[in-house]
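For reference, the structure is listed below as structure tokens.
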Amino acid sequence: MDDPNFPLWLQATHLINFVLIGILLRSGWEMLTSLPRLWWRNDSKPGTEWLKFTRRELPQEEGVYTSLMDERSASPVFTLPGRKNIGLARHFHGLGVMLWMLNGIVYVALLFGTGLWRRIVPTEWSVFPEAWASLKIYAGLGTPGIEHFQPYDALQMLAYTGVLFVLAPLLIVTGLAMAPAVRSRFPRFVKLLGGHQGARSLHFIAMVLMTLFIVMHVGLVFLVHAEYNLPHMIFGVTDTARYAQAFTIAILTIVVVFAFWIGLSYASLLDRPRTQKILVALTEPARRFGLGWMRPRMQDQTVYTEKDLSEFHWTNGLPPTQDESPEWLALRDGGWSDWRLEIGSTLDGSSVTVSLDDLKAMPKTEYIAVHTCMQGWSATSRWTGVRLAEVLDLLGPRPEGARYVMITSHGLAQEMWDHRPREPFYTVLDLKMVAEADTILAYERNDRPLDIHLGAPLRLRVESNHGYKMVKWVRSVEWIRDYADYGDGRGGTREDGAMQAFNGVI
């Protein structure tokens, strides 16, 4: 007979959730392999991790290695997509989150709309002693009687309620807290969660708990009264005579889903630029409309103060070498006296140059902000510089047709995705990013001239975005019509080489 506790919509949302959770977990594991360390303190100092998944011991000295040197390669069988592809993993994670939340909203709405919430949400205090009794039975490798499953026993009800109303929201909240747009707009919210590293660690713990729940939940379906569970799940009936049929379908479904997960990894690696293009097209609307309206306010915030300044600051990219930029080395050795910033326009050919002293003579912008890398590390610093928009004003009005600003470094990309010769590191900002009050060209950190490994003499700061947009060792700033005409046409070196999104707000 049909069981009203297991309607078709319930079966469908459970299957969709199973597929999406796999995408989220596997892409999350790929992101973790990019920086296999977790901290509670927000300067991510090596040696202070509370958990790490690598035996590599890092030196305590700043600037002698990059975070990419700590990256690990995982098999596409286990992660999505695998093989050191954090950019694609982040896209898959974003797409998975969007679909998972949409599926969850439908599930919760129907759960309460149909009144079926009563089957998983406890309404009496007796659920706690009953759950304890069930736990003791499970611990003794026993099975509670079938009369306790109406359709779930007390322990399952508490687990479902915890996952649905505590664990899932915690994953969402901590995930959002790691977004630069959220942190720079609502710093107090992020700090309440322990800062970026606190949110990252809590997110990891919630992920582990969610994984354990899924493994136990699926396992118990096959181990505890399977002759009732499987017909319920597959057919929505209480006919135990259909157990064998339901068992076969369940196993085949799990095999197909696992094959889909693994196939998705390998398929995405066949043409990484194409995969990036598809995923960005699918996820950009959420970035733009969900977080794009948030403007940073680091100059006005009072949440992060001097006592929050980091003891240690990671870097991604080493200073230019003799082979890469003899010009930069000569300027460094000369104390930057001959260094000049080139400000220009590719549209009308106009250009001006300014010295470091010229920039320091302009109105100063200063604030304390948290820097985050797409790999996961963070650091808090006081940055001092001049607004990028005011530097561009030195060239005159924005040239007609100019829709972006390209900032180029003296340094080169660390590696190119297709192993071609390394190219000058660059990034492109749209007009909104340029106009943000906290988008600056910084020449000081913590009231001292920039350290060499952190971008001396000048680096870009875009507080609404992750660090891959923030060019170090800046050489030039210029108006351009379209970033599609430069590099691989994706808007920056890390977008080209690591398949990141042009919009780095999350």
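Letters for chains follow the order of the structure tokens (A, B, ...), residue numbers begin at 1 for each chain, and ligand numbers begin at 1 in the order shown.
Using only C-alpha atoms, the residues found no farther than 10 Å from Phe235 (chain A), other than those of its own chain fewer than 3 positions away, are Asp2, Asp3, Phe6, Pro7, Leu8, Gln11, Leu230, Pro231, His232, Thr238, Asp239, Arg242, Tyr243, Gln245 and Ala246 of chain A.
Residues surrounding Glu324 (chain A) within 12 Å are Leu318, Pro319, Pro320, Trp328, Leu329, Ser409, His410, Gly411, Leu412, Ala413, Gln414, Pro421, Arg422, Glu423, Pro424 and Phe425 of chain A [only C-alpha atoms; sequence separation below 4 positions excluded].
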Residue among A:Arg340, A:Gln375, A:Ala369, A:Thr13 lying closest to Tyr107 (chain A), counting only C-alpha atoms | A:Thr13
Which residues, written as a count of residues only, have at least one atom at most 7 Å from Ala154 (chain A), with only C-alpha atoms counted and residues fewer than 3 positions away on the same chain left out?
-> 5
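Between CA of Met178 (chain A) and CA of Thr365 (chain A) the interatomic distance comes to 24.8 Å.
Among the candidates A:Ala379, A:Val237, A:Ala456, A:Val257, the one nearest to Lys45 (chain A) when counting only C-alpha atoms is A:Ala379.
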Identify, on the basis of only C-alpha atoms, every residue whose closest approach to Gly504 (chain A) does not exceed 8 Å; exclude the query and any residue fewer than 6 positions from it along the same chain; express the result as a count of residues only.
-> 6
Close residues, region 16-18 of chain A itself excluded, 10 Å, only C-alpha atoms, min 3 positions apart in chain, as a PDB file with N, CA, C and O atoms, in the first residue's frame:
ATOM      1  N   GLN A  11      11.074  11.660  -2.289  1.00  0.00           N
ATOM      2  CA  GLN A  11      12.060  10.788  -2.917  1.00  0.00           C
ATOM      3  C   GLN A  11      12.949  11.584  -3.871  1.00  0.00           C
ATOM      4  O   GLN A  11      14.167  11.407  -3.908  1.00  0.00           O
ATOM      5  N   ALA A  12      12.337  12.475  -4.659  1.00  0.00           N
ATOM      6  CA  ALA A  12      13.080  13.255  -5.648  1.00  0.00           C
ATOM      7  C   ALA A  12      14.082  14.202  -4.987  1.00  0.00           C
ATOM      8  O   ALA A  12      15.249  14.291  -5.391  1.00  0.00           O
ATOM      9  N   THR A  13      13.638  14.927  -3.953  1.00  0.00           N
ATOM     10  CA  THR A  13      14.549  15.877  -3.303  1.00  0.00           C
ATOM     11  C   THR A  13      15.687  15.155  -2.583  1.00  0.00           C
ATOM     12  O   THR A  13      16.811  15.666  -2.516  1.00  0.00           O
ATOM     13  N   ILE A  21      25.239  16.836  -2.730  1.00  0.00           N
ATOM     14  CA  ILE A  21      26.159  16.729  -1.605  1.00  0.00           C
ATOM     15  C   ILE A  21      27.478  16.138  -2.063  1.00  0.00           C
ATOM     16  O   ILE A  21      28.562  16.562  -1.623  1.00  0.00           O
ATOM     17  N   GLY A  22      27.431  15.173  -2.971  1.00  0.00           N
ATOM     18  CA  GLY A  22      28.665  14.609  -3.503  1.00  0.00           C
ATOM     19  C   GLY A  22      29.496  15.638  -4.241  1.00  0.00           C
ATOM     20  O   GLY A  22      30.722  15.678  -4.115  1.00  0.00           O
ATOM     21  N   ILE A  23      28.833  16.491  -5.022  1.00  0.00           N
ATOM     22  CA  ILE A  23      29.549  17.561  -5.728  1.00  0.00           C
ATOM     23  C   ILE A  23      30.169  18.531  -4.734  1.00  0.00           C
ATOM     24  O   ILE A  23      31.327  18.949  -4.885  1.00  0.00           O
ATOM     25  N   GLY A  96      27.209  23.950  -6.978  1.00  0.00           N
ATOM     26  CA  GLY A  96      26.596  22.974  -6.083  1.00  0.00           C
ATOM     27  C   GLY A  96      25.829  23.629  -4.953  1.00  0.00           C
ATOM     28  O   GLY A  96      24.725  23.192  -4.598  1.00  0.00           O
ATOM     29  N   LEU A  99      22.414  25.077  -6.260  1.00  0.00           N
ATOM     30  CA  LEU A  99      21.409  24.047  -6.501  1.00  0.00           C
ATOM     31  C   LEU A  99      20.985  23.354  -5.205  1.00  0.00           C
ATOM     32  O   LEU A  99      19.815  23.013  -5.023  1.00  0.00           O
ATOM     33  N   TRP A 100      21.959  23.148  -4.310  1.00  0.00           N
ATOM     34  CA  TRP A 100      21.673  22.502  -3.026  1.00  0.00           C
ATOM     35  C   TRP A 100      20.726  23.356  -2.189  1.00  0.00           C
ATOM     36  O   TRP A 100      19.781  22.852  -1.583  1.00  0.00           O
ATOM     37  N   MET A 101      20.966  24.663  -2.159  1.00  0.00           N
ATOM     38  CA  MET A 101      20.086  25.557  -1.397  1.00  0.00           C
ATOM     39  C   MET A 101      18.695  25.617  -2.031  1.00  0.00           C
ATOM     40  O   MET A 101      17.688  25.633  -1.323  1.00  0.00           O
ATOM     41  N   ASN A 103      17.250  23.247  -3.814  1.00  0.00           N
ATOM     42  CA  ASN A 103      16.612  21.975  -3.491  1.00  0.00           C
ATOM     43  C   ASN A 103      16.170  21.945  -2.027  1.00  0.00           C
ATOM     44  O   ASN A 103      15.085  21.449  -1.697  1.00  0.00           O
ATOM     45  N   GLY A 104      17.014  22.508  -1.139  1.00  0.00           N
ATOM     46  CA  GLY A 104      16.674  22.547   0.276  1.00  0.00           C
ATOM     47  C   GLY A 104      15.468  23.416   0.564  1.00  0.00           C
ATOM     48  O   GLY A 104      14.622  23.075   1.404  1.00  0.00           O
ATOM     49  N   TYR A 107      12.450  21.492  -0.444  1.00  0.00           N
ATOM     50  CA  TYR A 107      12.212  20.417   0.521  1.00  0.00           C
ATOM     51  C   TYR A 107      11.561  20.944   1.801  1.00  0.00           C
ATOM     52  O   TYR A 107      10.549  20.399   2.270  1.00  0.00           O
ATOM     53  N   ILE A 214      25.740  11.392   6.507  1.00  0.00           N
ATOM     54  CA  ILE A 214      25.346  10.752   5.244  1.00  0.00           C
ATOM     55  C   ILE A 214      25.765   9.288   5.222  1.00  0.00           C
ATOM     56  O   ILE A 214      24.984   8.403   4.843  1.00  0.00           O
ATOM     57  N   ILE A 254      23.050   4.156  -6.590  1.00  0.00           N
ATOM     58  CA  ILE A 254      24.288   4.587  -5.942  1.00  0.00           C
ATOM     59  C   ILE A 254      25.467   4.431  -6.902  1.00  0.00           C
ATOM     60  O   ILE A 254      26.321   5.322  -7.011  1.00  0.00           O
ATOM     61  N   VAL A 257      25.288   7.214  -9.518  1.00  0.00           N
ATOM     62  CA  VAL A 257      25.663   8.516  -8.953  1.00  0.00           C
ATOM     63  C   VAL A 257      27.170   8.602  -8.757  1.00  0.00           C
ATOM     64  O   VAL A 257      27.794   9.618  -9.095  1.00  0.00           O
TER      65      VAL A 257
END
Would you list the contacts of region 73-76 of chain A as a ChimeraX atom specification, taking every protein, DNA or RNA residue within 9 Å and counting only C-alpha atoms, but skipping same-chain residues closer than 5 positions in sequence?
-> /A:29-30,33-34,81-85,262-266,269
Min atom-atom distance to Ser201 (chain A) from the set A:Ile120, A:Ala177, A:Val428, A:Met362, counting only C-alpha atoms, belongs to A:Ala177
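A straight line drawn from CA of Thr79 (chain A) to CA of Arg37 (chain A) is 16.9 Å long.
Of the residues listed (A:Thr211, A:Thr123, A:Ser345, A:Ser67), A:Ser345 shows the shortest atom-to-atom separation from Ser476 (chain A); distances use only C-alpha atoms.
For the residues A:Met499, A:Ile452, A:Leu458, A:Ala267, ranking by smallest atom-to-atom distance to Gly63 (chain A) using only C-alpha atoms places A:Ile452 first.
When only C-alpha atoms are used to measure the gap to Leu170 (chain A), the shortest distance among A:Leu282, A:His203, A:Leu35, A:Met416 belongs to A:His203.
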Hey, what does DSSP flag as helix (DSSP H, G or I) within region 45-235 of chain A? Can you give it to me as an NGL selection string?
-> :A and (67-70 or 86-113 or 116-119 or 127-139 or 146-148 or 154-177 or 180-185 or 187-192 or 195-223 or 226-235)
